[in-house]
>>> print(open('model_29.txt').read())   # compact mmCIF, C-alpha atoms
# COMPACT_ATOMS: atom_id res chain seq x y z
CA MET A 22 108.72 59.38 98.14
CA ALA A 23 111.00 61.57 95.99
CA ARG A 24 107.91 62.89 94.16
CA ILE A 25 106.31 63.90 97.47
CA GLU A 26 109.50 65.69 98.56
CA GLN A 27 109.67 67.50 95.23
CA LEU A 28 106.02 68.52 95.51
CA ALA A 29 106.59 69.77 99.06
CA ARG A 30 109.48 71.93 97.86
CA THR A 31 107.48 73.47 95.02
CA THR A 32 104.15 73.95 96.82
CA GLU A 33 103.81 77.44 98.18
CA HIS A 34 102.47 77.90 101.68
CA PRO A 35 99.09 79.71 101.65
CA VAL A 36 100.53 82.56 103.71
CA ALA A 37 103.27 83.02 101.11
CA THR A 38 100.64 83.01 98.36
CA ALA A 39 98.63 85.70 100.17
CA GLY A 40 101.82 87.68 100.76
CA ARG A 41 102.73 87.49 97.09
CA TYR A 42 99.41 88.96 96.02
CA LEU A 43 99.50 91.56 98.78
CA VAL A 44 102.99 92.72 97.82
CA ARG A 45 102.01 93.19 94.18
CA TYR A 46 98.66 94.85 94.68
CA THR A 47 99.52 96.99 97.69
CA LEU A 48 102.50 98.22 95.65
CA VAL A 49 100.02 99.06 92.88
CA VAL A 50 97.80 100.96 95.34
CA VAL A 51 100.74 102.86 96.86
CA ILE A 52 102.25 103.87 93.50
CA ALA A 53 98.86 104.86 92.07
CA TRP A 54 97.98 106.82 95.20
CA ILE A 55 101.31 108.64 95.20
CA GLY A 56 100.84 109.35 91.50
CA ALA A 57 97.33 110.71 91.95
CA GLN A 58 98.54 113.01 94.74
CA LYS A 59 101.00 114.61 92.30
CA PHE A 60 98.03 116.36 90.68
CA THR A 61 97.44 118.41 93.83
CA GLY A 62 99.16 121.70 94.54
CA TYR A 63 100.08 120.42 97.99
CA GLU A 64 102.07 117.44 96.66
CA ALA A 65 103.64 119.44 93.81
CA ALA A 66 104.93 121.93 96.40
CA ALA A 67 106.07 119.12 98.72
CA ILE A 68 108.30 117.48 96.11
CA GLN A 69 109.66 120.78 94.78
CA PRO A 70 112.63 120.96 97.21
CA LEU A 71 113.55 117.35 96.47
CA ILE A 72 113.61 117.97 92.72
CA ALA A 73 115.22 121.42 92.97
CA ASN A 74 118.17 120.06 95.00
CA SER A 75 118.77 117.08 92.73
CA PRO A 76 121.63 117.40 90.24
CA ILE A 77 119.85 114.78 88.12
CA PHE A 78 116.38 116.37 88.01
CA SER A 79 116.67 120.07 88.88
CA TRP A 80 117.11 121.10 85.23
CA LEU A 81 113.54 119.95 84.55
CA TYR A 82 112.22 123.02 86.37
CA SER A 83 113.81 125.19 83.68
CA ILE A 84 111.44 123.69 81.09
CA LEU A 85 108.43 122.67 83.20
CA SER A 86 106.54 124.44 85.96
CA VAL A 87 106.40 122.79 89.39
CA ARG A 88 102.77 121.76 88.80
CA THR A 89 103.42 120.45 85.27
CA PHE A 90 106.43 118.41 86.36
CA ALA A 91 104.42 116.93 89.23
CA ALA A 92 101.56 116.03 86.87
CA VAL A 93 103.93 114.34 84.40
CA LEU A 94 105.55 112.41 87.24
CA GLY A 95 102.15 111.48 88.64
CA SER A 96 101.04 110.23 85.23
CA LEU A 97 104.15 108.05 84.95
CA GLU A 98 103.50 106.64 88.41
CA ILE A 99 99.88 105.80 87.59
CA VAL A 100 100.95 104.11 84.35
CA ALA A 101 103.58 102.10 86.26
CA ALA A 102 100.95 100.99 88.79
CA LEU A 103 98.53 99.90 86.06
CA LEU A 104 101.25 97.98 84.23
CA ILE A 105 102.33 96.19 87.41
CA ALA A 106 98.69 95.27 88.07
CA ILE A 107 98.14 93.56 84.71
CA ARG A 108 100.71 90.84 85.34
CA PRO A 109 98.12 87.98 85.34
CA LEU A 110 97.03 88.97 81.84
CA TRP A 111 100.22 90.30 80.26
CA PRO A 112 103.38 89.52 82.24
CA ARG A 113 105.64 90.93 79.50
CA ILE A 114 103.91 94.31 79.70
CA SER A 115 103.99 94.14 83.49
CA ILE A 116 107.78 93.93 83.27
CA ILE A 117 107.77 97.51 81.96
CA GLY A 118 105.71 98.70 84.94
CA SER A 119 108.05 97.03 87.40
CA VAL A 120 111.10 98.57 85.71
CA MET A 121 109.35 101.94 85.94
CA GLY A 122 108.76 101.30 89.65
CA VAL A 123 112.41 100.45 90.22
CA LEU A 124 113.51 103.60 88.40
CA LEU A 125 111.00 105.78 90.25
CA PHE A 126 112.18 104.55 93.64
CA LEU A 127 115.85 104.71 92.69
CA SER A 128 115.21 108.34 91.80
CA THR A 129 113.54 109.12 95.10
CA LEU A 130 116.23 107.29 97.05
CA SER A 131 118.82 109.51 95.35
CA PHE A 132 117.18 112.44 97.18
CA LEU A 133 118.57 110.98 100.43
CA PHE A 134 121.97 112.15 99.21
CA THR A 135 121.03 115.45 97.56
CA THR A 136 118.38 117.06 99.77
CA PRO A 137 119.48 119.32 102.61
CA GLY A 138 118.11 118.34 106.01
CA VAL A 139 118.02 114.58 105.46
CA THR A 140 120.19 113.99 108.52
CA VAL A 141 120.19 115.74 111.86
CA PRO A 142 123.43 116.71 113.58
CA SER A 143 123.80 114.45 116.60
CA GLY A 144 127.12 112.71 116.16
CA LEU A 145 125.40 109.69 114.61
CA LEU A 146 123.80 109.21 111.24
CA VAL A 147 120.23 110.02 112.26
CA LEU A 148 117.61 110.65 109.62
CA SER A 149 115.27 113.57 110.02
CA VAL A 150 111.56 112.76 109.98
CA VAL A 151 111.08 114.81 106.81
CA PRO A 152 112.64 114.33 104.35
CA GLY A 153 114.92 111.58 105.70
CA GLN A 154 112.54 109.00 107.12
CA PHE A 155 109.95 109.94 104.50
CA LEU A 156 112.40 108.87 101.77
CA LEU A 157 113.65 105.77 103.60
CA LYS A 158 110.35 103.93 102.98
CA ASP A 159 111.38 103.77 99.34
CA LEU A 160 113.86 101.01 100.23
CA VAL A 161 110.87 98.73 100.81
CA LEU A 162 109.06 100.00 97.72
CA ILE A 163 112.07 99.46 95.45
CA SER A 164 112.44 95.96 96.90
CA ALA A 165 108.78 95.22 96.14
CA SER A 166 109.26 96.61 92.62
CA LEU A 167 112.29 94.35 92.11
CA TRP A 168 110.26 91.38 93.29
CA THR A 169 107.38 92.17 90.92
CA LEU A 170 109.94 92.53 88.13
CA GLY A 171 111.37 89.08 88.84
CA ASP A 172 107.90 87.58 89.18
CA SER A 173 106.76 89.08 85.86
CA LEU A 174 109.96 87.98 84.12
CA GLY A 175 109.44 84.43 85.39
CA ALA A 176 105.78 84.40 84.32
CA ALA A 177 106.67 85.76 80.87
CA LEU A 178 109.32 83.07 80.41
CA ARG A 179 106.95 80.31 81.55
CA ARG A 180 104.22 81.59 79.22
CA ARG A 181 106.69 81.78 76.34
CA GLY A 182 107.75 78.19 76.98
CA ALA A 183 104.14 77.00 77.29
CA HIS A 184 103.28 78.50 73.93
CA GLY A 185 106.12 76.70 72.21
CA ASP A 186 108.17 79.80 71.61
CA GLY A 187 111.15 78.08 73.23
CA GLU A 188 114.73 78.93 72.48
CA ARG A 189 115.53 80.85 69.37
CA ARG A 190 118.76 80.00 67.71
>>> encode(input="model_29.txt", output="structure tokens")
Amino acid sequence: MARIEQLARTTEHPVATAGRYLVRYTLVVVIAWIGAQKFTGYEAAAIQPLIANSPIFSWLYSILSVRTFAAVLGSLEIVAALLIAIRPLWPRISIIGSVMGVLLFLSTLSFLFTTPGVTVPSGLLVLSVVPGQFLLKDLVLISASLWTLGDSLGAALRRRGAHGDGERR
């Protein structure tokens, strides 16, 4: 009976299994899509005010054009998406992609505090549609990136243990 209870606790519900795959691979699609958009003039211009008002990133425009910075950022986002996607094959490498995702979304969330027009004056803390609510979605994306990071770390540790690379002393 104890074995059945243990199995019940460790068996994942099929809906949770589907959700796990959807979180990882929809995150991959979203990051890759956002990254690919950075190669368009429209997207480069759209992120320009966010970058220009950031005390962390604004200096980059003194060494890179708006289009070049957007293309570099887009390339990093596409690499992050690809690395997150390869978790079934190389969980250790996927860790790097998830860390990149976390850092990318931490960066964009910082724009909530540095970009003019994020809130609207109404007596309450109300986010504007753009850029406020546009940036708020990154709370979910950073959470998904943190989950993929934990999942990849767990898979890498399990794989390491299965290959007899146990503890090093």
>>> atom_distance(input="model_29.txt", atom1="atom CA of Val100 of chain A", atom2="atom CA of Ala73 of chain A")
24.0 Å
>>> residues_near_point(input="model_29.txt", point="(100.2, 108.8, 90.5)", cutoff="10 Å", atoms="all atoms listed in the file", output="MDAnalysis selection string")
chainID A and resid 50:60 91:102
>>> residues_around(input="model_29.txt", residues="Leu157 of chain A", least_positions_apart="6", cutoff="12 Å", atoms="only C-alpha atoms", output="PyMOL selection string")
chain A and resi 126-127+129-134+139-140+147-151+163-164
>>> atom_distance(input="model_29.txt", atom1="atom CA of Val123 of chain A", atom2="atom CA of Leu178 of chain A")
20.2 Å
>>> residues_around(input="model_29.txt", residues="Ser173 of chain A", least_positions_apart="5", cutoff="7 Å", atoms="only C-alpha atoms", output="mmCIF file with C-alpha atoms, keeping the file's coordinate frame")
data_model
loop_
_atom_site.group_PDB
_atom_site.id
_atom_site.type_symbol
_atom_site.label_atom_id
_atom_site.label_comp_id
_atom_site.auth_asym_id
_atom_site.auth_seq_id
_atom_site.Cartn_x
_atom_site.Cartn_y
_atom_site.Cartn_z
ATOM 1 C CA ARG A 108 100.710 90.840 85.340
ATOM 2 C CA PRO A 112 103.380 89.520 82.240
ATOM 3 C CA ARG A 113 105.640 90.930 79.500
ATOM 4 C CA SER A 115 103.990 94.140 83.490
ATOM 5 C CA ILE A 116 107.780 93.930 83.270
#
>>> atom_distance(input="model_29.txt", atom1="atom CA of Asp172 of chain A", atom2="atom CA of Pro109 of chain A")
10.5 Å
>>> closest_residue(input="model_29.txt", among="A:Leu174, A:Leu162, A:Ala106, A:Val141", to="Arg45 of chain A", atoms="all atoms listed in the file")
A:Ala106
>>> decode(input="model_29.txt", residues="segment 55-77 of chain A", atoms="N, CA, C and O atoms", output="short mmCIF file (atom, residue, chain, number, x, y, z; two decimals), in the first residue's frame")
data_model
loop_
_atom_site.label_atom_id
_atom_site.label_comp_id
_atom_site.auth_asym_id
_atom_site.auth_seq_id
_atom_site.Cartn_x
_atom_site.Cartn_y
_atom_site.Cartn_z
N ILE A 55 9.82 37.11 -30.56
CA ILE A 55 10.23 38.44 -30.13
C ILE A 55 11.63 38.76 -30.67
O ILE A 55 11.89 39.86 -31.15
N GLY A 56 12.52 37.78 -30.62
CA GLY A 56 13.87 37.97 -31.13
C GLY A 56 13.88 38.24 -32.63
O GLY A 56 14.59 39.13 -33.11
N ALA A 57 13.10 37.48 -33.38
CA ALA A 57 13.06 37.67 -34.83
C ALA A 57 12.50 39.05 -35.19
O ALA A 57 12.96 39.68 -36.16
N GLN A 58 11.55 39.54 -34.41
CA GLN A 58 10.97 40.86 -34.66
C GLN A 58 12.00 41.98 -34.50
O GLN A 58 11.86 43.04 -35.10
N LYS A 59 13.03 41.73 -33.68
CA LYS A 59 14.04 42.77 -33.44
C LYS A 59 14.81 43.11 -34.71
O LYS A 59 15.49 44.12 -34.77
N PHE A 60 14.71 42.29 -35.74
CA PHE A 60 15.40 42.56 -36.99
C PHE A 60 14.60 43.48 -37.91
O PHE A 60 15.06 43.82 -38.99
N THR A 61 13.42 43.88 -37.47
CA THR A 61 12.60 44.80 -38.26
C THR A 61 12.80 46.23 -37.75
O THR A 61 13.06 46.45 -36.56
N GLY A 62 12.69 47.18 -38.66
CA GLY A 62 12.80 48.58 -38.27
C GLY A 62 11.71 48.98 -37.29
O GLY A 62 11.93 49.78 -36.38
N TYR A 63 10.53 48.40 -37.48
CA TYR A 63 9.39 48.70 -36.61
C TYR A 63 9.71 48.36 -35.15
O TYR A 63 9.50 49.17 -34.25
N GLU A 64 10.20 47.16 -34.92
CA GLU A 64 10.50 46.72 -33.55
C GLU A 64 11.70 47.47 -32.97
O GLU A 64 11.71 47.81 -31.80
N ALA A 65 12.71 47.71 -33.80
CA ALA A 65 13.88 48.47 -33.32
C ALA A 65 13.43 49.85 -32.83
O ALA A 65 13.87 50.31 -31.77
N ALA A 66 12.54 50.49 -33.59
CA ALA A 66 12.03 51.80 -33.19
C ALA A 66 11.14 51.70 -31.95
O ALA A 66 11.15 52.60 -31.10
N ALA A 67 10.40 50.61 -31.83
CA ALA A 67 9.48 50.45 -30.69
C ALA A 67 10.23 50.28 -29.37
O ALA A 67 9.76 50.76 -28.33
N ILE A 68 11.38 49.60 -29.39
CA ILE A 68 12.12 49.42 -28.13
C ILE A 68 13.05 50.57 -27.82
O ILE A 68 13.55 50.69 -26.71
N GLN A 69 13.27 51.45 -28.79
CA GLN A 69 14.21 52.56 -28.61
C GLN A 69 13.91 53.40 -27.37
O GLN A 69 14.81 53.67 -26.59
N PRO A 70 12.65 53.81 -27.12
CA PRO A 70 12.41 54.62 -25.92
C PRO A 70 12.65 53.84 -24.62
O PRO A 70 13.06 54.43 -23.61
N LEU A 71 12.41 52.55 -24.65
CA LEU A 71 12.65 51.74 -23.44
C LEU A 71 14.14 51.71 -23.12
O LEU A 71 14.54 51.90 -21.97
N ILE A 72 14.96 51.48 -24.13
CA ILE A 72 16.40 51.42 -23.95
C ILE A 72 16.96 52.79 -23.62
O ILE A 72 17.77 52.95 -22.70
N ALA A 73 16.52 53.81 -24.35
CA ALA A 73 17.04 55.17 -24.17
C ALA A 73 16.78 55.72 -22.77
O ALA A 73 17.57 56.52 -22.26
N ASN A 74 15.68 55.29 -22.12
CA ASN A 74 15.35 55.80 -20.79
C ASN A 74 15.89 54.92 -19.66
O ASN A 74 15.66 55.21 -18.49
N SER A 75 16.60 53.88 -20.02
CA SER A 75 17.13 52.97 -19.00
C SER A 75 18.53 53.39 -18.57
O SER A 75 19.44 53.48 -19.40
N PRO A 76 18.74 53.61 -17.27
CA PRO A 76 20.09 53.94 -16.82
C PRO A 76 21.06 52.77 -16.99
O PRO A 76 22.26 52.97 -17.06
N ILE A 77 20.53 51.57 -17.12
CA ILE A 77 21.38 50.38 -17.28
C ILE A 77 21.80 50.20 -18.74
O ILE A 77 22.94 49.81 -19.02
#
